[in-house]
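Below is work-v1.txt, which holds compact mmCIF, C-alpha atoms and all ligand atoms.
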```
# COMPACT_ATOMS: atom_id res chain seq x y z
CA MET A 1 62.71 38.33 158.91
CA VAL A 2 61.45 36.48 161.93
CA SER A 3 59.34 38.11 164.58
CA GLN A 4 59.68 36.59 168.00
CA SER A 5 56.65 38.27 169.46
CA PRO A 6 53.58 36.01 169.36
CA ASP A 7 51.27 39.06 169.30
CA ILE A 8 52.46 40.42 165.99
CA LYS A 9 50.77 39.16 162.86
CA ILE A 10 53.16 38.79 159.98
CA PRO A 11 51.80 39.13 156.44
CA ALA A 12 51.85 36.01 154.32
CA THR A 13 55.31 36.61 152.90
CA PRO A 14 58.18 34.19 153.36
CA VAL A 15 59.79 34.56 156.75
CA ARG A 16 63.46 33.80 157.17
CA ALA A 17 66.29 34.46 159.55
CA PRO A 18 68.40 37.57 158.82
CA SER A 19 71.38 36.85 156.59
CA ALA A 20 74.72 37.07 158.36
CA VAL A 21 76.53 37.84 155.09
CA PRO A 22 77.53 41.52 154.91
CA VAL A 23 76.71 43.15 151.54
CA ASP A 24 78.85 46.17 150.72
CA ASP A 25 78.15 48.88 148.17
CA ALA A 26 74.39 48.57 148.23
CA ALA A 27 71.27 50.26 149.56
CA LEU A 28 68.85 47.89 151.26
CA PRO A 29 65.20 49.05 151.33
CA PHE A 30 63.12 47.85 154.26
CA GLU A 31 59.69 48.19 155.79
CA VAL A 32 58.32 47.84 159.31
CA ALA A 33 54.64 47.59 158.36
CA SER A 34 53.31 47.37 161.93
CA LEU A 35 54.76 50.83 162.65
CA ASP A 36 54.15 52.34 159.16
CA LEU A 37 57.90 52.81 158.79
CA ARG A 38 59.92 52.59 155.61
CA GLY A 39 63.60 53.07 155.19
CA ARG A 40 66.90 52.31 153.55
CA LEU A 41 70.16 51.08 154.92
CA THR A 42 73.32 51.82 152.94
CA ARG A 43 76.68 50.09 153.40
CA LEU A 44 79.63 51.38 151.37
CA GLY A 45 83.04 49.70 151.18
CA PRO A 46 85.19 49.62 148.00
CA THR A 47 82.95 52.15 146.22
CA LEU A 48 83.44 54.80 148.90
CA ASP A 49 87.14 53.99 149.13
CA GLU A 50 87.54 54.39 145.38
CA VAL A 51 85.85 57.82 145.27
CA LEU A 52 87.74 59.22 148.26
CA THR A 53 91.16 57.68 147.56
CA LYS A 54 91.33 59.25 144.08
CA HIS A 55 91.61 62.64 145.75
CA ALA A 56 93.94 62.03 148.69
CA TYR A 57 91.87 64.35 150.89
CA PRO A 58 92.91 65.18 154.44
CA PRO A 59 91.04 62.69 156.69
CA GLU A 60 88.46 65.20 158.02
CA VAL A 61 87.56 66.30 154.48
CA GLY A 62 87.31 62.69 153.30
CA LYS A 63 84.99 61.88 156.19
CA LEU A 64 82.70 64.84 155.44
CA LEU A 65 82.55 64.07 151.72
CA GLY A 66 81.93 60.41 152.63
CA GLU A 67 78.94 61.46 154.77
CA ALA A 68 77.57 63.45 151.84
CA ILE A 69 77.99 60.37 149.62
CA VAL A 70 76.16 58.15 152.11
CA LEU A 71 73.33 60.70 152.40
CA THR A 72 73.11 60.84 148.60
CA THR A 73 72.76 57.06 148.35
CA LEU A 74 69.95 57.12 150.94
CA LEU A 75 68.04 59.78 149.02
CA GLY A 76 68.99 59.12 145.41
CA SER A 77 68.58 55.36 145.35
CA SER A 78 64.80 55.81 145.60
CA LEU A 79 64.70 57.39 142.12
CA LYS A 80 62.53 55.27 139.90
CA PHE A 81 63.65 56.72 136.59
CA ASP A 82 67.02 56.94 134.86
CA GLY A 83 67.55 60.31 136.42
CA ARG A 84 70.17 62.08 138.37
CA PHE A 85 70.31 63.20 141.97
CA ILE A 86 72.86 65.88 142.82
CA LEU A 87 73.67 66.98 146.35
CA GLN A 88 75.81 70.11 146.81
CA THR A 89 76.82 72.38 149.63
CA GLN A 90 78.08 75.92 149.37
CA THR A 91 79.27 77.30 152.69
CA ASP A 92 81.73 79.67 154.36
CA GLY A 93 83.70 76.98 156.27
CA PRO A 94 87.04 75.35 155.37
CA VAL A 95 85.16 73.01 152.97
CA SER A 96 83.50 75.66 150.83
CA PHE A 97 81.94 73.38 148.24
CA LEU A 98 81.14 69.72 147.85
CA ILE A 99 79.16 67.84 145.26
CA VAL A 100 77.90 64.28 144.99
CA ASP A 101 76.43 63.20 141.67
CA PHE A 102 74.32 60.03 141.64
CA GLN A 103 73.17 58.75 138.30
CA ALA A 104 70.41 56.14 138.52
CA PRO A 105 70.44 53.27 138.86
CA ASP A 106 73.87 52.94 140.51
CA ARG A 107 76.67 55.38 139.53
CA LEU A 108 78.33 57.67 142.07
CA ARG A 109 80.98 60.39 141.80
CA ALA A 110 81.93 63.26 144.10
CA TYR A 111 84.49 65.88 145.02
CA ALA A 112 85.10 68.64 147.56
CA ARG A 113 86.89 72.00 147.51
CA PHE A 114 88.61 73.09 150.68
CA ASP A 115 91.10 75.59 152.05
CA ALA A 116 93.94 73.58 153.60
CA ARG A 117 95.10 76.60 155.64
CA ARG A 118 91.80 76.67 157.53
CA LEU A 119 91.80 72.96 158.47
CA LYS A 120 92.46 72.18 162.13
CA PRO A 121 92.84 68.73 163.70
CA GLY A 122 89.65 67.43 165.28
CA GLN A 123 87.26 69.68 163.33
CA ASP A 124 83.92 67.92 163.00
CA SER A 125 81.76 67.97 159.89
CA ALA A 126 79.65 70.88 161.12
CA ALA A 127 82.76 73.02 161.72
CA LEU A 128 84.17 72.09 158.30
CA LEU A 129 80.97 73.17 156.58
CA GLY A 130 80.24 76.40 158.43
CA LYS A 131 77.20 78.30 157.26
CA GLY A 132 75.57 78.38 153.86
CA HIS A 133 73.18 76.04 152.13
CA LEU A 134 72.67 72.53 150.91
CA ALA A 135 70.94 71.97 147.58
CA MET A 136 69.43 68.77 146.27
CA THR A 137 68.63 68.60 142.58
CA ILE A 138 66.67 65.92 140.79
CA ASP A 139 67.33 66.03 137.07
CA GLN A 140 65.22 63.78 134.90
CA GLY A 141 67.12 64.53 131.70
CA PRO A 142 66.74 67.00 128.84
CA ASP A 143 63.25 68.51 128.31
CA MET A 144 62.10 67.26 131.69
CA SER A 145 61.36 69.31 134.76
CA ARG A 146 64.20 69.84 137.18
CA TYR A 147 63.46 69.90 140.88
CA GLN A 148 65.65 71.70 143.39
CA GLY A 149 65.26 71.71 147.16
CA LEU A 150 67.32 74.10 149.27
CA VAL A 151 67.98 73.99 152.97
CA ALA A 152 70.08 76.27 155.15
CA LEU A 153 73.23 74.92 156.74
CA ASP A 154 73.44 76.88 159.93
CA GLY A 155 76.25 75.42 161.97
CA GLY A 156 74.87 71.88 161.95
CA ASN A 157 75.99 68.73 160.15
CA LEU A 158 74.48 66.92 157.16
CA GLU A 159 72.11 64.83 159.34
CA ASP A 160 70.67 68.05 160.78
CA ALA A 161 70.28 69.52 157.30
CA ALA A 162 68.49 66.39 156.05
CA HIS A 163 66.06 66.51 158.99
CA GLU A 164 65.36 70.18 158.34
CA TYR A 165 64.77 69.48 154.66
CA PHE A 166 62.25 66.72 155.25
CA LEU A 167 60.46 68.67 157.98
CA ARG A 168 60.03 71.80 155.89
CA SER A 169 59.90 70.70 152.27
CA GLU A 170 58.46 67.21 152.30
CA GLN A 171 56.59 67.16 155.60
CA ILE A 172 57.52 63.51 155.98
CA PRO A 173 58.72 62.58 159.47
CA THR A 174 62.28 61.42 158.75
CA ARG A 175 65.40 60.50 160.70
CA VAL A 176 68.80 59.97 159.11
CA ARG A 177 71.99 58.46 160.50
CA LEU A 178 75.34 58.77 158.70
CA ALA A 179 78.72 57.30 159.60
CA VAL A 180 82.10 57.20 157.85
CA GLY A 181 85.27 55.68 159.18
CA GLU A 182 88.76 54.60 158.24
CA GLU A 183 89.72 50.96 158.47
CA TRP A 184 93.38 50.11 159.08
CA ARG A 185 94.50 46.58 158.21
CA GLY A 186 97.65 44.58 158.61
CA GLY A 187 99.04 41.99 156.19
CA GLU A 188 98.83 42.01 152.41
CA GLY A 189 96.92 44.51 150.31
CA PRO A 190 95.91 48.07 151.04
CA LYS A 191 96.48 49.13 154.65
CA HIS A 192 93.89 51.89 154.71
CA ARG A 193 90.30 51.82 153.53
CA TRP A 194 87.31 54.11 153.83
CA ARG A 195 83.99 52.64 154.88
CA GLY A 196 80.60 54.27 155.27
CA GLY A 197 77.06 53.47 156.21
CA GLY A 198 73.77 55.16 156.83
CA MET A 199 70.13 54.70 157.57
CA LEU A 200 67.03 56.61 156.54
CA LEU A 201 63.79 56.02 158.43
CA GLN A 202 60.47 57.57 157.41
CA PHE A 203 57.02 57.46 158.96
CA LEU A 204 54.40 57.04 156.24
CA PRO A 205 51.03 56.34 157.86
CA LYS A 206 47.90 55.96 155.69
CA ALA A 207 46.11 58.63 157.72
CA PRO A 208 48.08 61.88 157.09
CA GLU A 209 47.07 63.45 160.43
CA ARG A 210 49.19 60.81 162.17
CA ALA A 211 52.32 62.34 160.58
CA ARG A 212 52.17 65.59 162.61
CA GLN A 213 55.62 66.58 163.78
CA ALA A 214 56.62 68.24 166.99
CA ASP A 215 59.70 70.23 166.34
CA LEU A 216 59.32 73.17 164.02
CA HIS A 217 62.07 75.59 164.91
CA PRO A 218 60.90 77.86 167.77
CA GLY A 219 62.32 80.83 165.85
CA ASP A 220 59.21 80.66 163.66
CA ALA A 221 56.80 81.51 166.46
CA PRO A 222 55.86 85.17 166.88
CA GLU A 223 57.31 86.64 170.03
CA GLY A 224 55.15 86.16 173.10
CA SER A 225 53.08 83.35 171.58
CA ILE A 226 52.59 80.22 173.62
CA ALA A 227 54.47 77.22 172.30
CA HIS A 228 51.96 74.75 170.97
CA THR A 229 52.69 71.17 171.73
CA VAL A 230 52.09 68.50 169.12
CA THR A 231 51.84 64.95 170.33
CA GLU A 232 53.73 62.70 167.98
CA ASP A 233 52.26 59.38 166.97
CA ASP A 234 53.40 56.49 169.21
CA ALA A 235 54.65 54.50 166.22
CA TRP A 236 56.91 57.36 165.12
CA VAL A 237 58.12 57.96 168.67
CA GLU A 238 59.13 54.28 168.77
CA GLY A 239 60.80 54.47 165.34
CA GLN A 240 62.84 57.52 166.35
CA SER A 241 63.93 55.96 169.62
CA LEU A 242 65.06 52.80 167.80
CA ILE A 243 67.12 54.58 165.13
CA ALA A 244 68.67 56.74 167.87
CA THR A 245 70.27 53.57 169.28
CA VAL A 246 72.20 52.89 166.05
CA GLU A 247 75.89 53.44 166.69
CA ASP A 248 78.38 54.63 164.10
CA ILE A 249 80.35 51.40 164.41
CA GLU A 250 77.23 49.35 163.55
CA LEU A 251 76.80 51.31 160.34
CA ILE A 252 80.37 50.74 159.15
CA ASP A 253 81.35 47.40 160.74
CA PRO A 254 82.50 45.20 157.81
CA ASP A 255 81.50 42.05 159.72
CA LEU A 256 77.95 43.05 160.71
CA SER A 257 75.40 42.40 157.97
CA GLY A 258 72.80 45.03 157.26
CA GLU A 259 70.04 42.47 157.82
CA ARG A 260 71.43 41.64 161.27
CA LEU A 261 71.44 45.34 162.16
CA LEU A 262 67.82 45.74 161.02
CA TYR A 263 66.88 42.63 162.97
CA ARG A 264 68.47 44.03 166.10
CA LEU A 265 66.39 47.19 165.77
CA PHE A 266 63.04 45.89 164.62
CA HIS A 267 62.74 42.18 165.41
CA GLU A 268 59.93 42.72 167.91
CA ARG A 269 57.83 44.46 165.28
CA GLY A 270 58.76 42.39 162.24
CA VAL A 271 60.84 43.89 159.44
CA ARG A 272 60.69 43.07 155.77
CA VAL A 273 63.66 43.66 153.47
CA PHE A 274 63.54 44.12 149.70
CA ALA A 275 66.16 43.43 147.04
CA PRO A 276 69.37 45.43 147.66
CA LEU A 277 70.23 48.10 145.08
CA PRO A 278 73.91 47.92 144.08
CA LEU A 279 76.06 51.07 144.00
CA ARG A 280 79.39 51.72 142.26
CA ALA A 281 81.96 54.43 141.72
CA GLN A 282 82.02 55.53 138.13
CA CYS A 283 82.62 58.89 136.54
CA SER A 284 80.81 59.90 133.38
CA CYS A 285 83.65 61.98 131.97
CA SER A 286 85.27 61.10 128.62
CA ARG A 287 87.77 62.57 126.17
CA GLU A 288 84.90 63.34 123.80
CA ALA A 289 82.94 65.18 126.49
CA VAL A 290 85.98 67.24 127.50
CA ALA A 291 86.73 68.07 123.84
CA SER A 292 83.17 69.20 123.33
CA MET A 293 83.35 71.35 126.47
CA LEU A 294 86.57 72.95 125.14
CA SER A 295 84.90 73.71 121.83
CA SER A 296 82.19 75.63 123.67
CA PHE A 297 84.76 78.05 125.14
CA ALA A 298 85.66 81.36 123.50
CA ALA A 299 88.76 81.13 121.25
CA LYS A 300 90.61 83.53 123.57
CA ASP A 301 89.94 81.34 126.61
CA ARG A 302 91.09 78.24 124.76
CA ALA A 303 94.31 80.02 123.77
CA GLU A 304 94.96 80.92 127.39
CA MET A 305 94.73 77.26 128.40
CA VAL A 306 97.83 76.30 126.39
CA LYS A 307 100.74 75.54 128.70
CA ASP A 308 104.04 73.96 127.60
CA GLY A 309 102.54 73.40 124.15
CA LYS A 310 99.48 71.48 125.30
CA VAL A 311 96.05 71.82 126.86
CA VAL A 312 95.57 69.68 129.96
CA VAL A 313 92.17 69.22 131.58
CA THR A 314 91.75 67.29 134.85
CA CYS A 315 88.32 65.94 135.79
CA GLU A 316 87.49 67.27 139.24
CA PHE A 317 85.33 64.24 140.02
CA CYS A 318 87.73 61.41 139.23
CA SER A 319 91.11 63.13 138.68
CA SER A 320 91.39 61.69 135.14
CA VAL A 321 93.78 63.79 133.06
CA TYR A 322 92.97 64.62 129.42
CA GLU A 323 95.73 66.06 127.21
CA PHE A 324 95.17 67.80 123.89
CA THR A 325 97.49 69.40 121.37
CA PRO A 326 96.60 73.06 120.75
CA GLN A 327 95.30 71.98 117.36
CA GLU A 328 92.99 69.32 118.89
CA ALA A 329 91.78 71.89 121.38
CA GLY A 330 90.83 74.23 118.55
CA VAL A 331 93.52 76.83 119.27
CA GLU A 332 94.50 78.76 116.11
ZN ZN B 1 85.82 62.04 135.62
```

Before we go any further, please render this structure as structure tokens.
Ligand SMILES: [Zn+2]
Amino acid sequence: MVSQSPDIKIPATPVRAPSAVPVDDAALPFEVASLDLRGRLTRLGPTLDEVLTKHAYPPEVGKLLGEAIVLTTLLGSSLKFDGRFILQTQTDGPVSFLIVDFQAPDRLRAYARFDARRLKPGQDSAALLGKGHLAMTIDQGPDMSRYQGLVALDGGNLEDAAHEYFLRSEQIPTRVRLAVGEEWRGGEGPKHRWRGGGMLLQFLPKAPERARQADLHPGDAPEGSIAHTVTEDDAWVEGQSLIATVEDIELIDPDLSGERLLYRLFHERGVRVFAPLPLRAQCSCSREAVASMLSSFAAKDRAEMVKDGKVVVTCEFCSSVYEFTPQEAGVE
């Protein structure tokens, strides 16, 4: 993209104006080399709508699960192998469990469990979650090591949990913004659509001492000790103040291109975008996989699944319904 400041040297890569064409269902990697910043911008349209609409969730639950999906695309789309990134929460709030399963390079599926009796109008995502933990699992396939990172959910939202995770586990200065909204349209076609967007910004200087971070939770300090002030690097202070100006509407606006948004934030410093990574809603369930799962159950459990002369299994991710005769399900 173009830098308007004459003081900034741009590397010898092609410079062009930001595209005004919005690209939905993709993660756009970017770099602000002069500030040692790297990031991703995700915009989700039909893909998010497809995942959420299959479940007919109450709007607050859909919004929370949508935020988890956006966060997953920001984190999972950096996987370089054909692996899997799974984000789950287990908490004591009205939404007791949610899972987003991202299978590289582009497949997404998700669902949430909630207690409808505990939902109240106007509950925000933090109130819906309550307290518990968020787990992120990277699975590189059979016979490969599995990595799991855990972070406490302590009355905050998913952005807070992501910040906590990067501060403690990765020690990479990171800010995340997530937004999900409902779009209401007149005329032909569907009247209601879900949209989502998010941004991840990370400070990755060559000299590691520049990545010192200020805000470890004060609860860690022994009582009576003097708080020790860390001065954050100017480049990271600038990066954080820029991403803090991003409004929810900018992340989900169907008419604002991601490149235009990045240009608004970083044009003075020069920002470089890379090829967008497409994302789509697709479940990996199949009749064969369900049949094989049934065959792994004890005969007694299979027998108990017979209702009205058949065994019916519904995929929690995509709501697909699989019907088997007792014979096909291996019931004697
Ligand atoms: Zn499915």

List as a ChimeraX atom specification: which residues have an atom within 8 Å of (68.0, 67.2, 138.1), counting only C-alpha atoms? /A:83-86,137-141,145-148

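Every protein or nucleic acid residue with an atom no more than 8 Å from His163 of chain A, counting all atoms listed in the file and leaving out same-chain residues fewer than 3 positions away, appears here: A:Glu159, A:Asp160, A:Phe166, A:Leu167, A:Thr174, A:Arg175, A:Val176.
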
What's the 10 Å shell around Arg38 of chain A, counting all atoms listed in the file, without same-chain residues fewer than 6 positions away, as a ChimeraX atom specification? /A:29-32,174,200-205,239,271-273

Between atom CA of Pro46 of chain A and atom CA of Val95 of chain A, what distance in Å does the model show, to one decimal? 23.9 Å

Cut-off 8 Å, all atoms listed in the file, neighbours of ligand ZN 1 (chain B) as a PyMOL selection string: chain A and resi 282-286+314-320

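Relative to atom CA of Val51 of chain A, atom CA of Gly189 of chain A is found at 18.0 Å.
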
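Each of A:Leu79, A:Leu128, A:Leu150, A:Leu65 was compared to Asp92 of chain A using only C-alpha atoms, and A:Leu128 turns out to be the nearest.
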
Within 10 Å of (76.8, 70.4, 143.3), only C-alpha atoms: residues as a PyMOL selection string? chain A and resi 85-90+97-101+110-112+134-137

Would you pick out the contacts of Glu209 of chain A at 12 Å or less, using only C-alpha atoms, so that residues sharing its chain but fewer than 5 positions from it are not included, and give the list as a list in words? Gln171, Ile172, Pro173, Phe203, Leu204, Val230, Thr231, Glu232 and Asp233 of chain A

Go through A:Val331, A:Leu44, A:Val312, A:Leu74 and flag the residue nearest Pro22 of chain A, using only C-alpha atoms for the distances. A:Leu44

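Coordinates place atom CA of Glu323 of chain A at a distance of 10.8 Å from atom CA of Lys307 of chain A.
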
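If only C-alpha atoms are the atoms counted, then among A:Pro121, A:Leu242, A:Leu64, A:His133 the closest residue to Tyr263 of chain A is A:Leu242.
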
Residue with smallest distance to Ala299 of chain A - pool A:Leu35, A:Pro142, A:Pro278, A:Glu332, counting all atoms listed in the file: A:Glu332

Excluding Glu67 of chain A and any residue of its chain fewer than 2 positions from it, enumerate the residues within 8 Å of it, using all atoms listed in the file, and give them as number ranges by chain. A: 63-65, 69-71, 158, 178-180, 196

Kindly save the residues from that selection, with C-alpha atoms included, as a PDB file, in the frame of the given file.
```pdb
ATOM      1  CA  LYS A  63      84.990  61.880 156.190  1.00  0.00           C
ATOM      2  CA  LEU A  64      82.700  64.840 155.440  1.00  0.00           C
ATOM      3  CA  LEU A  65      82.550  64.070 151.720  1.00  0.00           C
ATOM      4  CA  ILE A  69      77.990  60.370 149.620  1.00  0.00           C
ATOM      5  CA  VAL A  70      76.160  58.150 152.110  1.00  0.00           C
ATOM      6  CA  LEU A  71      73.330  60.700 152.400  1.00  0.00           C
ATOM      7  CA  LEU A 158      74.480  66.920 157.160  1.00  0.00           C
ATOM      8  CA  LEU A 178      75.340  58.770 158.700  1.00  0.00           C
ATOM      9  CA  ALA A 179      78.720  57.300 159.600  1.00  0.00           C
ATOM     10  CA  VAL A 180      82.100  57.200 157.850  1.00  0.00           C
ATOM     11  CA  GLY A 196      80.600  54.270 155.270  1.00  0.00           C
TER      12      GLY A 196
END
```

Would you mind completing segment 118-145 of chain A to N, CA and C atoms and writing the output as a compact mmCIF listing (two decimals), in the frame of the given file?
```txt
# COMPACT_ATOMS: atom_id res chain seq x y z
N ARG A 118 92.83 76.50 156.48
CA ARG A 118 91.80 76.67 157.53
C ARG A 118 91.45 75.35 158.22
N LEU A 119 92.09 74.25 157.82
CA LEU A 119 91.80 72.96 158.47
C LEU A 119 92.53 72.88 159.81
N LYS A 120 91.82 72.39 160.83
CA LYS A 120 92.46 72.18 162.13
C LYS A 120 92.14 70.76 162.58
N PRO A 121 93.11 70.11 163.28
CA PRO A 121 92.84 68.73 163.70
C PRO A 121 91.61 68.68 164.59
N GLY A 122 90.82 67.64 164.41
CA GLY A 122 89.65 67.43 165.28
C GLY A 122 88.41 68.21 164.89
N GLN A 123 88.46 68.96 163.77
CA GLN A 123 87.26 69.68 163.33
C GLN A 123 86.19 68.66 162.93
N ASP A 124 84.97 68.84 163.42
CA ASP A 124 83.92 67.92 163.00
C ASP A 124 83.27 68.43 161.71
N SER A 125 82.34 67.63 161.20
CA SER A 125 81.76 67.97 159.89
C SER A 125 81.05 69.31 159.92
N ALA A 126 80.37 69.61 161.03
CA ALA A 126 79.65 70.88 161.12
C ALA A 126 80.63 72.06 161.04
N ALA A 127 81.77 71.94 161.73
CA ALA A 127 82.76 73.02 161.72
C ALA A 127 83.40 73.15 160.34
N LEU A 128 83.58 72.03 159.64
CA LEU A 128 84.17 72.09 158.30
C LEU A 128 83.24 72.78 157.32
N LEU A 129 81.94 72.57 157.50
CA LEU A 129 80.97 73.17 156.58
C LEU A 129 80.78 74.65 156.86
N GLY A 130 80.58 75.01 158.12
CA GLY A 130 80.24 76.40 158.43
C GLY A 130 78.81 76.69 158.03
N LYS A 131 78.57 77.91 157.60
CA LYS A 131 77.20 78.30 157.26
C LYS A 131 77.04 78.52 155.77
N GLY A 132 75.85 78.22 155.29
CA GLY A 132 75.57 78.38 153.86
C GLY A 132 74.33 77.59 153.54
N HIS A 133 74.36 76.84 152.44
CA HIS A 133 73.18 76.04 152.13
C HIS A 133 73.54 74.71 151.49
N LEU A 134 72.57 73.83 151.56
CA LEU A 134 72.67 72.53 150.91
C LEU A 134 71.57 72.48 149.86
N ALA A 135 71.93 72.06 148.66
CA ALA A 135 70.94 71.97 147.58
C ALA A 135 70.86 70.54 147.09
N MET A 136 69.63 70.10 146.84
CA MET A 136 69.43 68.77 146.27
C MET A 136 68.67 68.94 144.97
N THR A 137 69.23 68.42 143.90
CA THR A 137 68.63 68.60 142.58
C THR A 137 68.28 67.24 142.01
N ILE A 138 67.06 67.13 141.51
CA ILE A 138 66.67 65.92 140.79
C ILE A 138 66.50 66.31 139.34
N ASP A 139 67.31 65.70 138.49
CA ASP A 139 67.33 66.03 137.07
C ASP A 139 66.86 64.80 136.31
N GLN A 140 65.75 64.96 135.60
CA GLN A 140 65.22 63.78 134.90
C GLN A 140 65.61 63.76 133.43
N GLY A 141 66.64 64.56 133.08
CA GLY A 141 67.12 64.53 131.70
C GLY A 141 66.60 65.71 130.91
N PRO A 142 67.12 65.85 129.64
CA PRO A 142 66.74 67.00 128.84
C PRO A 142 65.22 67.06 128.63
N ASP A 143 64.67 68.25 128.56
CA ASP A 143 63.25 68.51 128.31
C ASP A 143 62.34 68.02 129.44
N MET A 144 62.92 67.68 130.57
CA MET A 144 62.10 67.26 131.69
C MET A 144 62.25 68.29 132.80
N SER A 145 61.29 68.33 133.70
CA SER A 145 61.36 69.31 134.76
C SER A 145 62.49 68.96 135.73
```
